[in-house]
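These notes concern the structure reproduced below.
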Amino acid sequence: MVSLLTGEEDDELEPEQPDPSPPPTSPPPTSPPPELNEPQAGAVEHSAGPLLVFAGAGSGKTRVITYRIANLIARERVAPWRILAVTFTNKAAGEMRARLERLCGAELARALWVGTFHATCAKLLRIHGSAIGVQPNFVIYDTADQKAVVSRALKDLGLDEKRYPARAVLAHIHKHKQEGRGPDEAASHSYVDDVALRLYRTYEERLRAANAVDFEDLILLVARLLSDTPEGDKIRRRFDYVLVDEFQDTNATQYRFLRELVRGHKNLCVVGDDDQSIYRWRGADVRNIRYFRRDYPDATVVKLEQNYRSSGRIVAAALGVISRSNEREPKELWTANEPGEFVHVVAARDERDEAAFVVDVVRRARAEGTDLREIAVFYRIHAQSRVLEEAMRAANLPYQIIGGAKFYERAEVKDALAYLRILLNPGSDVDLLRVVNVPPRGIGQTTVDRLTAWATLNETSVFEALARIDEIGDLGPPAKKKLVAFRELLERLRAESEIAPSEMVGRVLSETGYVQALKKEDTAESDARIENLQELASSMQDYEAEAEAAGEAPSLAGFLERVTLVSDVDALPNPDGTGPRDDGRVVLMTVHGAKGLEFEHVLLTGMEEQMFPYKGVDPGQTDELEEERRLAYVAITRARRHLFMTHTQMRQIFGTTRWNRPSRFLGELPNGVAEHRKTAAMTGEMQFGRYVDRGPASESRGQPWRHPQTPREAAPEPGSRYVDHEFFDDRTDPVTDMPLRRGARVTHDRFGDGEVLKAVSVGEPAVVVFFPGWGEKKILARFLKPA
DNA sequence: TCTTTGTAATTTTTT
DNA sequence: ATTACAAAGA
């Protein structure tokens, strides 16, 4: 491939391709593959030009993408290395590649570009970044690193960290970057804006100076390369076809990157589902789907509406929740699957009771022979996981928690990585400052402050300042001596940095005295830290083995990149059984973590107002409620056959007890879909086991359940968008257990006798009471007595 | 320089 | 309830 502009050869990195003559081997399916339905086949066989695929939950999205790629190779004769498939998670990328291997053979699949936005752009940026001043060995700063940069900028600009919290500043900066605005393009309407922009500018300068990029930069810088530099054409010429998964989760910058990338041929296929857009708070913009239609008015639009994953009742439950959403792309999800069993809605007394119920369900399922990895427990926020975890452990059930504190964010691991990154890129101040006194080597805050002040003043890196230490006036001889020793340590390590990455970790940890310091500490915690470091070393060996298997040379840079761009959802096995194998373990995770996964059994916990939808959703914040609703939709549609939704009467969270009513989403389940039960603790009956089956459960509203192929009928009538919570009054409302039903006569010390009108939720049981002569009053239940 | 004490904050987080 | 981070004391 010869660059049209410069006549140069494209340097790099097209992996061992055979010449672009017809691709070898041809396993891809023959004309409309029999196992595809009509819209699926349409999407698969679409050849050139923009394509928009609405893929409902469980509608065979991955299958469509992979078949489409196979089709492009086999029938359209597109060279595999000229196809780019972009996902959001490594796991999705891995799954896609695995499927493609089976479909097209390992050799062809290997040549494809399949990766996350970030990994793909990191790769492109390493190759082409020098055109905008990013050197190939750049490091990727994670959130903590970014925060450190902001903190230092605050200090240097003499700003009050209380008034401008680093976290908030960073959020501000990210918002700009996600929307593609540089510090000079962002508008300012106030002094505070000015300050924020000055910080943004400084932040950018610091990152560039350190040859570092943040997550946003990976995309943004490549987008700029594409639109503003001649190098952009080189990147563009790499790809003939671009496919994007989970398009509803792209942000403005990511969309810009895509648009620029396909500017010539417009062979852009985006697949998404506006109903599953759950990352708005992170900059994702569902409107990109609309923009896509605007930007590519001739785009072919395909809707995949048949759900193959879930039972009829589960699909109906999901529809009941999502159909109340505003601003949806019109579509009708349906299934031909069996109606299946009822969705179980279970009222528990408190979170421990709820956890006990979860354990009970897991035990039963296991007794029936269910593989534990087919069972998932979801919650809205991580804070809910602890009780569940304790219950699982007490019951001796193997489980795995996804998310939460991450391995690579542990202090000792970050320290080790910081050393490694300095070796690669000594200009990275954040890393250097992190470890300058770790383990303690007598370099105090004052010394560090003077050192960085000098570096800032002379517009150089801290590492450079160390090299020119004699020029620094205000450092005393003892301080200088210690700093020189540190510099020599780094130089010694750098001199050895040619050895294998995995050996490098050990070398760093011993020569810096890091492990020694931990051993000396000799506490349970320090032991755990040492173990974590050993795990780091072994993950490095894993990386080397994988890289070699993939035909790449393992490098420190490659490992560090992977560390920053990898999360632990990636470690889950795929629905089709590929991916990492694990002994059967129940998976515990947040609903966000569940997207893209599916399980035979799903337990959705904490279905209470304030918990899910999370927090006080004030009427003004309909956007947030909308997102919670989509989140609930995602959660429900993860289940194939068995879905439990639990809620509690009271729950301890963040140290306080809260009484919450059942989630409005429970009230939105269509008739005939769910059955409502209470745990034994709730009914007060002593039974063996907690999940008490007391004959025919109360089906909600008793009407016969309709076949899911007529989803329109399951949708609510206009005008009844939100089901009133009084639906639960005689069932599971916490207030019900007290003599405070609607209509009950009560007495109050000051207002006298009155009548209960309705229950309200204020953190503890409360009701609205009508007192003759006083009117309606909101009263805490504890201030009332039966009249 | 290290330890203690106090304070505030604690959604969600594919990268 | 827990924890992380910052400021003040030993």
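Going through the structure tokens in order, the chains are called A, B, and so on, while each chain numbers its residues from 1 and the ligands are numbered from 1 in the order shown.
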Subject >> Who sits within 9 Å of DT13 in chain B, only C-alpha atoms (C1' of nucleotides), same chain under 5 positions skipped, as an NGL selection string >> reply: :A and (279 or 282 or 592)
Selected residues written out with all heavy atoms, as a PDB file, in the first residue's frame:
```pdb
ATOM      1  N   TYR A 279     -24.993   4.448  29.664  1.00  0.00           N
ATOM      2  CA  TYR A 279     -23.775   5.150  30.066  1.00  0.00           C
ATOM      3  C   TYR A 279     -23.800   6.632  29.720  1.00  0.00           C
ATOM      4  O   TYR A 279     -22.772   7.245  29.478  1.00  0.00           O
ATOM      5  CB  TYR A 279     -22.542   4.477  29.453  1.00  0.00           C
ATOM      6  CG  TYR A 279     -22.197   3.195  30.136  1.00  0.00           C
ATOM      7  CD1 TYR A 279     -22.426   1.969  29.520  1.00  0.00           C
ATOM      8  CD2 TYR A 279     -21.663   3.197  31.416  1.00  0.00           C
ATOM      9  CE1 TYR A 279     -22.119   0.780  30.159  1.00  0.00           C
ATOM     10  CE2 TYR A 279     -21.352   2.013  32.065  1.00  0.00           C
ATOM     11  CZ  TYR A 279     -21.579   0.811  31.431  1.00  0.00           C
ATOM     12  OH  TYR A 279     -21.270  -0.352  32.076  1.00  0.00           O
ATOM     13  N   ARG A 282     -21.588   8.904  31.466  1.00  0.00           N
ATOM     14  CA  ARG A 282     -20.177   8.833  31.118  1.00  0.00           C
ATOM     15  C   ARG A 282     -19.882   9.477  29.791  1.00  0.00           C
ATOM     16  O   ARG A 282     -18.811   9.318  29.253  1.00  0.00           O
ATOM     17  CB  ARG A 282     -19.812   7.367  31.008  1.00  0.00           C
ATOM     18  CG  ARG A 282     -18.898   6.915  32.041  1.00  0.00           C
ATOM     19  CD  ARG A 282     -18.738   5.477  31.823  1.00  0.00           C
ATOM     20  NE  ARG A 282     -17.475   5.250  31.171  1.00  0.00           N
ATOM     21  CZ  ARG A 282     -16.781   4.151  31.333  1.00  0.00           C
ATOM     22  NH1 ARG A 282     -17.277   3.189  32.040  1.00  0.00           N
ATOM     23  NH2 ARG A 282     -15.642   4.006  30.749  1.00  0.00           N
ATOM     24  N   HIS A 592     -24.734  -2.692  35.645  1.00  0.00           N
ATOM     25  CA  HIS A 592     -23.916  -2.183  34.543  1.00  0.00           C
ATOM     26  C   HIS A 592     -22.959  -3.244  34.029  1.00  0.00           C
ATOM     27  O   HIS A 592     -22.741  -3.364  32.830  1.00  0.00           O
ATOM     28  CB  HIS A 592     -23.116  -0.962  34.997  1.00  0.00           C
ATOM     29  CG  HIS A 592     -23.927   0.285  35.062  1.00  0.00           C
ATOM     30  ND1 HIS A 592     -24.614   0.649  36.188  1.00  0.00           N
ATOM     31  CD2 HIS A 592     -24.177   1.240  34.139  1.00  0.00           C
ATOM     32  CE1 HIS A 592     -25.242   1.785  35.957  1.00  0.00           C
ATOM     33  NE2 HIS A 592     -25.009   2.158  34.717  1.00  0.00           N
TER      34      HIS A 592
END
```
**OP:** Restrict the distance test to only C-alpha atoms (C1' of nucleotides), flag each residue of chain A within 7 Å of chain B, and return the flagged residues as a PyMOL selection string.
**Re:** chain A and resi 88-89+118+215+381+565+592
Write to file, as a PDB file, in the first residue's frame, the residues of the selection just made, with C-alpha atoms.
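Final file, result.pdb:
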```
ATOM      1  CA  PHE A  88     -16.573  -1.460  23.985  1.00  0.00           C
ATOM      2  CA  THR A  89     -15.155  -4.239  26.085  1.00  0.00           C
ATOM      3  CA  HIS A 118      -9.450   2.352  23.141  1.00  0.00           C
ATOM      4  CA  PHE A 215      -8.502   7.351  27.904  1.00  0.00           C
ATOM      5  CA  ILE A 381     -24.547  -0.470  43.480  1.00  0.00           C
ATOM      6  CA  LEU A 565      -7.133  -1.194  29.284  1.00  0.00           C
ATOM      7  CA  HIS A 592     -23.916  -2.183  34.543  1.00  0.00           C
TER       8      HIS A 592
END
```
**OP:** Do me a favour and pick out the residues of chain C within 12 Å of chain A, using only C-alpha atoms (C1' of nucleotides), as a ChimeraX atom specification.
**Re:** /C:1-3,6
For N, CA, C and O atoms (P, O5', C5', C4', C3', O3' and C1' of nucleotides), I'd like the residues from the last selection saved as an mmCIF file, in the first residue's frame.
```
data_model
loop_
_atom_site.group_PDB
_atom_site.id
_atom_site.type_symbol
_atom_site.label_atom_id
_atom_site.label_comp_id
_atom_site.auth_asym_id
_atom_site.auth_seq_id
_atom_site.Cartn_x
_atom_site.Cartn_y
_atom_site.Cartn_z
ATOM 1 P P DA C 1 -22.393 1.027 62.371
ATOM 2 O "O5'" DA C 1 -22.779 0.800 60.814
ATOM 3 C "C5'" DA C 1 -22.873 -0.445 60.187
ATOM 4 C "C4'" DA C 1 -21.830 -0.581 59.115
ATOM 5 C "C3'" DA C 1 -20.392 -0.668 59.607
ATOM 6 O "O3'" DA C 1 -19.742 -1.693 58.883
ATOM 7 C "C1'" DA C 1 -20.599 1.161 58.126
ATOM 8 P P DT C 2 -18.190 -1.982 59.139
ATOM 9 O "O5'" DT C 2 -17.513 -1.179 57.950
ATOM 10 C "C5'" DT C 2 -18.211 -1.065 56.708
ATOM 11 C "C4'" DT C 2 -17.334 -0.336 55.708
ATOM 12 C "C3'" DT C 2 -15.844 -0.342 56.056
ATOM 13 O "O3'" DT C 2 -15.127 -0.712 54.905
ATOM 14 C "C1'" DT C 2 -16.595 1.873 55.717
ATOM 15 P P DT C 3 -13.559 -0.898 55.020
ATOM 16 O "O5'" DT C 3 -13.111 0.331 54.119
ATOM 17 C "C5'" DT C 3 -13.940 0.759 53.037
ATOM 18 C "C4'" DT C 3 -13.474 2.122 52.596
ATOM 19 C "C3'" DT C 3 -11.968 2.331 52.763
ATOM 20 O "O3'" DT C 3 -11.455 2.910 51.583
ATOM 21 C "C1'" DT C 3 -13.141 4.081 53.807
ATOM 22 P P DA C 6 -5.477 14.039 49.836
ATOM 23 O "O5'" DA C 6 -5.657 14.982 51.115
ATOM 24 C "C5'" DA C 6 -6.951 15.521 51.391
ATOM 25 C "C4'" DA C 6 -6.921 16.235 52.726
ATOM 26 C "C3'" DA C 6 -5.643 17.017 52.988
ATOM 27 O "O3'" DA C 6 -5.968 18.272 53.567
ATOM 28 C "C1'" DA C 6 -5.985 15.402 54.703
#
```
**OP:** Give me, please, the distance in Å between CA of Phe407 in chain A and CA of Ala528 in chain A, quoted to one decimal.
**Re:**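 Distance between the two atoms: 11.9 Å.
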Original post:
Taking the backbone alone, and naming residues the way the document does, which bits of range 218-279 of chain A are helix (DSSP H, G or I) by DSSP, as a PyMOL selection string?
Top reply: chain A and resi 218-228+231-236+247-249+252-261+274-276
Subject >> Separation of CA of Leu603 in chain A from CA of Val315 in chain A in Å >> reply: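 CA of Leu603 in chain A lies at a distance of 15.6 Å from CA of Val315 in chain A.
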Original post:
Which distance in Å separates CA of Ser502 in chain A and CA of Asp542 in chain A, to one decimal?
Top reply: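 Computing the Euclidean distance for CA of Ser502 in chain A and CA of Asp542 in chain A yields 9.2 Å.
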Might you pull out every residue within 12 Å of Ile69 in chain A, with only C-alpha atoms (C1' of nucleotides) counted and same-chain residues fewer than 5 positions away left off, and present them as a compact mmCIF listing (two decimals) with all heavy atoms, in the first residue's frame?
```txt
# COMPACT_ATOMS: atom_id res chain seq x y z
N PRO A 28 -17.23 -19.55 5.41
CA PRO A 28 -18.44 -18.79 5.72
C PRO A 28 -19.67 -19.36 5.05
O PRO A 28 -19.58 -20.00 4.01
CB PRO A 28 -18.15 -17.40 5.18
CG PRO A 28 -16.69 -17.33 5.01
CD PRO A 28 -16.19 -18.71 4.86
N PRO A 29 -20.80 -19.11 5.66
CA PRO A 29 -22.05 -19.73 5.22
C PRO A 29 -22.40 -19.35 3.78
O PRO A 29 -22.08 -18.26 3.33
CB PRO A 29 -23.07 -19.14 6.18
CG PRO A 29 -22.42 -17.92 6.75
CD PRO A 29 -20.97 -18.18 6.75
N ALA A 43 -29.01 -7.80 7.09
CA ALA A 43 -27.85 -7.09 7.62
C ALA A 43 -26.56 -7.76 7.22
O ALA A 43 -25.56 -7.12 6.90
CB ALA A 43 -27.95 -7.00 9.14
N VAL A 44 -26.59 -9.09 7.20
CA VAL A 44 -25.38 -9.84 6.86
C VAL A 44 -25.00 -9.61 5.41
O VAL A 44 -23.83 -9.45 5.07
CB VAL A 44 -25.59 -11.34 7.14
CG1 VAL A 44 -24.50 -12.18 6.49
CG2 VAL A 44 -25.64 -11.59 8.64
N GLU A 45 -25.99 -9.57 4.54
CA GLU A 45 -25.68 -9.52 3.11
C GLU A 45 -25.56 -8.12 2.55
O GLU A 45 -25.13 -7.95 1.40
CB GLU A 45 -26.75 -10.30 2.34
CG GLU A 45 -26.58 -11.80 2.53
CD GLU A 45 -27.85 -12.55 2.24
OE1 GLU A 45 -28.69 -12.00 1.50
OE2 GLU A 45 -28.00 -13.66 2.76
N HIS A 46 -25.93 -7.14 3.33
CA HIS A 46 -25.75 -5.77 2.89
C HIS A 46 -24.28 -5.60 2.49
O HIS A 46 -23.39 -5.97 3.23
CB HIS A 46 -26.11 -4.83 4.04
CG HIS A 46 -25.81 -3.39 3.76
ND1 HIS A 46 -26.71 -2.56 3.14
CD2 HIS A 46 -24.71 -2.64 4.00
CE1 HIS A 46 -26.18 -1.36 3.03
NE2 HIS A 46 -24.96 -1.38 3.55
N SER A 47 -24.04 -5.01 1.31
CA SER A 47 -22.63 -4.93 0.91
C SER A 47 -22.02 -3.59 1.28
O SER A 47 -21.57 -3.41 2.40
CB SER A 47 -22.49 -5.23 -0.58
OG SER A 47 -23.32 -4.39 -1.35
N THR A 62 -24.47 -10.47 17.95
CA THR A 62 -23.10 -10.88 17.69
C THR A 62 -23.04 -11.80 16.48
O THR A 62 -22.12 -11.73 15.67
CB THR A 62 -22.52 -11.60 18.92
OG1 THR A 62 -22.76 -10.77 20.06
CG2 THR A 62 -21.03 -11.80 18.77
N ARG A 63 -24.05 -12.63 16.38
CA ARG A 63 -24.11 -13.53 15.24
C ARG A 63 -24.16 -12.73 13.94
O ARG A 63 -23.44 -13.04 12.98
CB ARG A 63 -25.35 -14.43 15.37
CG ARG A 63 -25.79 -15.05 14.07
CD ARG A 63 -26.85 -16.05 14.31
NE ARG A 63 -26.32 -17.18 15.06
CZ ARG A 63 -26.78 -18.41 14.93
NH1 ARG A 63 -27.79 -18.67 14.11
NH2 ARG A 63 -26.26 -19.39 15.61
N VAL A 64 -24.96 -11.69 13.93
CA VAL A 64 -25.08 -10.88 12.72
C VAL A 64 -23.75 -10.23 12.38
O VAL A 64 -23.30 -10.26 11.23
CB VAL A 64 -26.18 -9.82 12.88
CG1 VAL A 64 -26.06 -8.75 11.82
CG2 VAL A 64 -27.55 -10.47 12.81
N ALA A 74 -15.79 -13.67 2.37
CA ALA A 74 -16.00 -14.77 1.43
C ALA A 74 -16.65 -14.32 0.13
O ALA A 74 -16.26 -14.76 -0.94
CB ALA A 74 -16.85 -15.84 2.09
N ARG A 75 -17.62 -13.44 0.22
CA ARG A 75 -18.36 -13.12 -0.99
C ARG A 75 -17.98 -11.78 -1.58
O ARG A 75 -18.02 -11.60 -2.79
CB ARG A 75 -19.87 -13.15 -0.69
CG ARG A 75 -20.24 -14.37 0.16
CD ARG A 75 -21.73 -14.58 0.22
NE ARG A 75 -22.17 -15.38 -0.90
CZ ARG A 75 -23.24 -15.11 -1.62
NH1 ARG A 75 -23.95 -14.03 -1.35
NH2 ARG A 75 -23.59 -15.91 -2.61
N GLU A 76 -17.65 -10.84 -0.72
CA GLU A 76 -17.28 -9.53 -1.25
C GLU A 76 -15.78 -9.44 -1.49
O GLU A 76 -15.27 -8.41 -1.93
CB GLU A 76 -17.72 -8.41 -0.30
CG GLU A 76 -19.16 -8.48 0.14
CD GLU A 76 -20.12 -7.92 -0.90
OE1 GLU A 76 -19.69 -7.06 -1.70
OE2 GLU A 76 -21.27 -8.38 -0.93
N ARG A 77 -15.10 -10.50 -1.11
CA ARG A 77 -13.66 -10.56 -1.36
C ARG A 77 -12.88 -9.43 -0.68
O ARG A 77 -11.96 -8.87 -1.27
CB ARG A 77 -13.38 -10.53 -2.86
CG ARG A 77 -14.02 -11.68 -3.61
CD ARG A 77 -13.16 -12.88 -3.49
NE ARG A 77 -13.96 -14.11 -3.61
CZ ARG A 77 -13.46 -15.31 -3.34
NH1 ARG A 77 -12.23 -15.45 -2.94
NH2 ARG A 77 -14.22 -16.37 -3.44
N VAL A 78 -13.32 -9.08 0.50
CA VAL A 78 -12.60 -8.04 1.23
C VAL A 78 -11.48 -8.71 2.01
O VAL A 78 -11.67 -9.75 2.62
CB VAL A 78 -13.54 -7.31 2.21
CG1 VAL A 78 -12.80 -6.21 2.96
CG2 VAL A 78 -14.73 -6.74 1.48
N ALA A 79 -10.30 -8.11 1.96
CA ALA A 79 -9.18 -8.67 2.72
C ALA A 79 -9.43 -8.48 4.21
O ALA A 79 -9.82 -7.39 4.63
CB ALA A 79 -7.88 -7.98 2.32
N PRO A 80 -9.22 -9.51 5.01
CA PRO A 80 -9.59 -9.44 6.43
C PRO A 80 -8.89 -8.30 7.18
O PRO A 80 -9.50 -7.71 8.07
CB PRO A 80 -9.18 -10.81 6.98
CG PRO A 80 -8.35 -11.45 5.93
CD PRO A 80 -8.71 -10.83 4.63
N TRP A 81 -7.66 -8.01 6.82
CA TRP A 81 -6.97 -6.95 7.57
C TRP A 81 -7.45 -5.56 7.18
O TRP A 81 -6.99 -4.57 7.71
CB TRP A 81 -5.45 -7.06 7.37
CG TRP A 81 -5.03 -6.99 5.93
CD1 TRP A 81 -4.75 -5.86 5.22
CD2 TRP A 81 -4.90 -8.07 5.03
NE1 TRP A 81 -4.43 -6.17 3.93
CE2 TRP A 81 -4.51 -7.53 3.78
CE3 TRP A 81 -5.06 -9.47 5.15
CZ2 TRP A 81 -4.30 -8.34 2.66
CZ3 TRP A 81 -4.83 -10.24 4.03
CH2 TRP A 81 -4.46 -9.68 2.80
N ARG A 82 -8.39 -5.50 6.25
CA ARG A 82 -8.97 -4.22 5.89
C ARG A 82 -10.36 -4.04 6.50
O ARG A 82 -11.12 -3.17 6.10
CB ARG A 82 -9.00 -4.06 4.37
CG ARG A 82 -7.59 -4.21 3.76
CD ARG A 82 -7.51 -3.71 2.34
NE ARG A 82 -7.98 -2.35 2.21
CZ ARG A 82 -7.26 -1.28 2.47
NH1 ARG A 82 -6.02 -1.40 2.88
NH2 ARG A 82 -7.78 -0.08 2.31
N ILE A 83 -10.67 -4.93 7.44
CA ILE A 83 -11.94 -4.84 8.16
C ILE A 83 -11.64 -4.51 9.62
O ILE A 83 -10.80 -5.16 10.25
CB ILE A 83 -12.71 -6.17 8.08
CG1 ILE A 83 -13.02 -6.51 6.62
CG2 ILE A 83 -14.00 -6.08 8.90
CD1 ILE A 83 -13.69 -7.86 6.43
N LEU A 84 -12.33 -3.52 10.13
CA LEU A 84 -12.17 -3.16 11.54
C LEU A 84 -13.50 -3.35 12.26
O LEU A 84 -14.53 -2.82 11.84
CB LEU A 84 -11.73 -1.69 11.65
CG LEU A 84 -11.80 -1.05 13.04
CD1 LEU A 84 -10.81 -1.70 14.00
CD2 LEU A 84 -11.55 0.46 12.96
N ALA A 85 -13.45 -4.12 13.34
CA ALA A 85 -14.65 -4.29 14.17
C ALA A 85 -14.36 -3.71 15.55
O ALA A 85 -13.39 -4.08 16.19
CB ALA A 85 -15.01 -5.77 14.29
N MET A 96 -15.98 -11.96 19.97
CA MET A 96 -16.17 -11.82 18.54
C MET A 96 -15.06 -12.53 17.78
O MET A 96 -15.30 -13.25 16.81
CB MET A 96 -16.19 -10.33 18.18
CG MET A 96 -16.75 -10.06 16.82
SD MET A 96 -16.89 -8.30 16.49
CE MET A 96 -18.19 -7.81 17.57
N ARG A 97 -13.86 -12.35 18.24
CA ARG A 97 -12.74 -12.98 17.56
C ARG A 97 -12.85 -14.50 17.64
O ARG A 97 -12.60 -15.20 16.65
CB ARG A 97 -11.42 -12.50 18.15
CG ARG A 97 -10.25 -12.73 17.23
CD ARG A 97 -8.94 -12.30 17.85
NE ARG A 97 -8.67 -10.86 17.77
CZ ARG A 97 -8.23 -10.26 16.68
NH1 ARG A 97 -8.02 -10.94 15.57
NH2 ARG A 97 -7.98 -8.96 16.68
N ARG A 99 -15.53 -16.28 17.85
CA ARG A 99 -16.57 -16.75 16.93
C ARG A 99 -16.09 -16.71 15.50
O ARG A 99 -16.42 -17.58 14.69
CB ARG A 99 -17.81 -15.88 17.07
CG ARG A 99 -18.51 -16.11 18.37
CD ARG A 99 -19.97 -16.30 18.13
NE ARG A 99 -20.76 -15.80 19.23
CZ ARG A 99 -22.05 -15.56 19.15
NH1 ARG A 99 -22.67 -15.73 18.01
NH2 ARG A 99 -22.71 -15.12 20.19
N LEU A 100 -15.35 -15.64 15.19
CA LEU A 100 -14.85 -15.50 13.83
C LEU A 100 -13.84 -16.58 13.49
O LEU A 100 -13.76 -17.05 12.36
CB LEU A 100 -14.23 -14.12 13.64
CG LEU A 100 -15.27 -13.01 13.47
CD1 LEU A 100 -14.68 -11.66 13.73
CD2 LEU A 100 -15.88 -13.07 12.07
N GLU A 101 -13.09 -16.99 14.51
CA GLU A 101 -12.13 -18.06 14.27
C GLU A 101 -12.86 -19.32 13.84
O GLU A 101 -12.43 -20.03 12.94
CB GLU A 101 -11.31 -18.33 15.53
CG GLU A 101 -10.04 -17.51 15.56
CD GLU A 101 -9.24 -17.73 16.83
OE1 GLU A 101 -9.35 -18.83 17.43
OE2 GLU A 101 -8.53 -16.79 17.24
N LEU A 103 -15.71 -19.43 12.46
CA LEU A 103 -16.43 -19.18 11.21
C LEU A 103 -15.47 -19.13 10.01
O LEU A 103 -15.77 -19.66 8.94
CB LEU A 103 -17.16 -17.84 11.33
CG LEU A 103 -18.55 -17.71 10.76
CD1 LEU A 103 -19.44 -18.83 11.22
CD2 LEU A 103 -19.13 -16.35 11.19
N CYS A 104 -14.36 -18.49 10.18
CA CYS A 104 -13.47 -18.25 9.04
C CYS A 104 -12.14 -18.96 9.16
O CYS A 104 -11.32 -18.87 8.26
CB CYS A 104 -13.16 -16.75 8.89
SG CYS A 104 -14.53 -15.67 9.08
N LEU A 108 -7.50 -16.36 9.09
CA LEU A 108 -8.20 -15.16 8.63
C LEU A 108 -8.60 -14.29 9.82
O LEU A 108 -8.46 -13.07 9.80
CB LEU A 108 -9.45 -15.53 7.84
CG LEU A 108 -9.22 -16.02 6.42
CD1 LEU A 108 -10.53 -16.29 5.73
CD2 LEU A 108 -8.43 -14.98 5.66
N ALA A 109 -9.11 -14.94 10.86
CA ALA A 109 -9.59 -14.19 12.01
C ALA A 109 -8.46 -13.38 12.64
O ALA A 109 -8.66 -12.28 13.11
CB ALA A 109 -10.18 -15.15 13.05
N LEU A 112 -7.89 -9.93 11.07
CA LEU A 112 -8.88 -8.88 11.26
C LEU A 112 -8.47 -7.91 12.35
O LEU A 112 -7.76 -8.27 13.28
CB LEU A 112 -10.23 -9.51 11.68
CG LEU A 112 -10.99 -10.32 10.66
CD1 LEU A 112 -11.97 -11.24 11.36
CD2 LEU A 112 -11.72 -9.38 9.72
N TRP A 113 -8.94 -6.70 12.23
CA TRP A 113 -8.78 -5.75 13.34
C TRP A 113 -10.04 -5.87 14.20
O TRP A 113 -11.11 -5.41 13.81
CB TRP A 113 -8.67 -4.33 12.84
CG TRP A 113 -7.32 -3.93 12.32
CD1 TRP A 113 -6.71 -4.42 11.21
CD2 TRP A 113 -6.44 -2.96 12.88
NE1 TRP A 113 -5.50 -3.81 11.04
CE2 TRP A 113 -5.31 -2.90 12.05
CE3 TRP A 113 -6.50 -2.11 13.99
CZ2 TRP A 113 -4.24 -2.05 12.30
CZ3 TRP A 113 -5.43 -1.26 14.24
CH2 TRP A 113 -4.31 -1.24 13.40
N VAL A 114 -9.90 -6.48 15.36
CA VAL A 114 -11.03 -6.56 16.28
C VAL A 114 -10.55 -6.01 17.61
O VAL A 114 -9.57 -6.49 18.15
CB VAL A 114 -11.51 -8.01 16.48
CG1 VAL A 114 -12.66 -8.06 17.46
CG2 VAL A 114 -11.90 -8.62 15.15
N ASP A 240 -11.34 -0.82 4.74
CA ASP A 240 -12.41 -0.73 3.75
C ASP A 240 -13.78 -0.82 4.40
O ASP A 240 -14.77 -0.32 3.88
CB ASP A 240 -12.28 -1.85 2.71
CG ASP A 240 -11.05 -1.66 1.85
OD1 ASP A 240 -10.67 -0.50 1.60
OD2 ASP A 240 -10.46 -2.67 1.43
N TYR A 241 -13.84 -1.54 5.51
CA TYR A 241 -15.13 -1.72 6.20
C TYR A 241 -14.94 -1.55 7.70
O TYR A 241 -13.98 -2.06 8.27
CB TYR A 241 -15.69 -3.13 5.92
CG TYR A 241 -16.33 -3.25 4.57
CD1 TYR A 241 -15.55 -3.52 3.44
CD2 TYR A 241 -17.70 -3.07 4.40
CE1 TYR A 241 -16.12 -3.61 2.18
CE2 TYR A 241 -18.28 -3.15 3.15
CZ TYR A 241 -17.49 -3.42 2.05
OH TYR A 241 -18.07 -3.50 0.81
N VAL A 242 -15.87 -0.83 8.29
CA VAL A 242 -15.81 -0.62 9.73
C VAL A 242 -17.15 -1.04 10.35
O VAL A 242 -18.21 -0.67 9.85
CB VAL A 242 -15.52 0.86 10.07
CG1 VAL A 242 -15.53 1.07 11.58
CG2 VAL A 242 -14.18 1.29 9.47
N LEU A 243 -17.08 -1.83 11.40
CA LEU A 243 -18.29 -2.28 12.09
C LEU A 243 -18.21 -1.90 13.56
O LEU A 243 -17.14 -2.01 14.17
CB LEU A 243 -18.46 -3.80 11.98
CG LEU A 243 -18.60 -4.37 10.57
CD1 LEU A 243 -17.26 -4.79 10.02
CD2 LEU A 243 -19.56 -5.54 10.57
N VAL A 244 -19.29 -1.47 14.12
CA VAL A 244 -19.28 -1.01 15.51
C VAL A 244 -20.41 -1.68 16.30
O VAL A 244 -21.55 -1.70 15.87
CB VAL A 244 -19.49 0.51 15.59
CG1 VAL A 244 -19.34 0.98 17.03
CG2 VAL A 244 -18.53 1.23 14.69
N CYS A 269 -20.91 0.14 9.44
CA CYS A 269 -22.06 -0.59 9.95
C CYS A 269 -22.11 -0.42 11.46
O CYS A 269 -21.17 -0.79 12.15
CB CYS A 269 -21.93 -2.07 9.58
SG CYS A 269 -23.01 -3.15 10.52
```
**OP:** For His748 in chain A, please output as a ChimeraX atom specification all residues within 12 Å (counting only C-alpha atoms (C1' of nucleotides); exclusion window: fewer than 6 positions along the same chain).
**Re:** /A:754-756,769-772,774,777-787
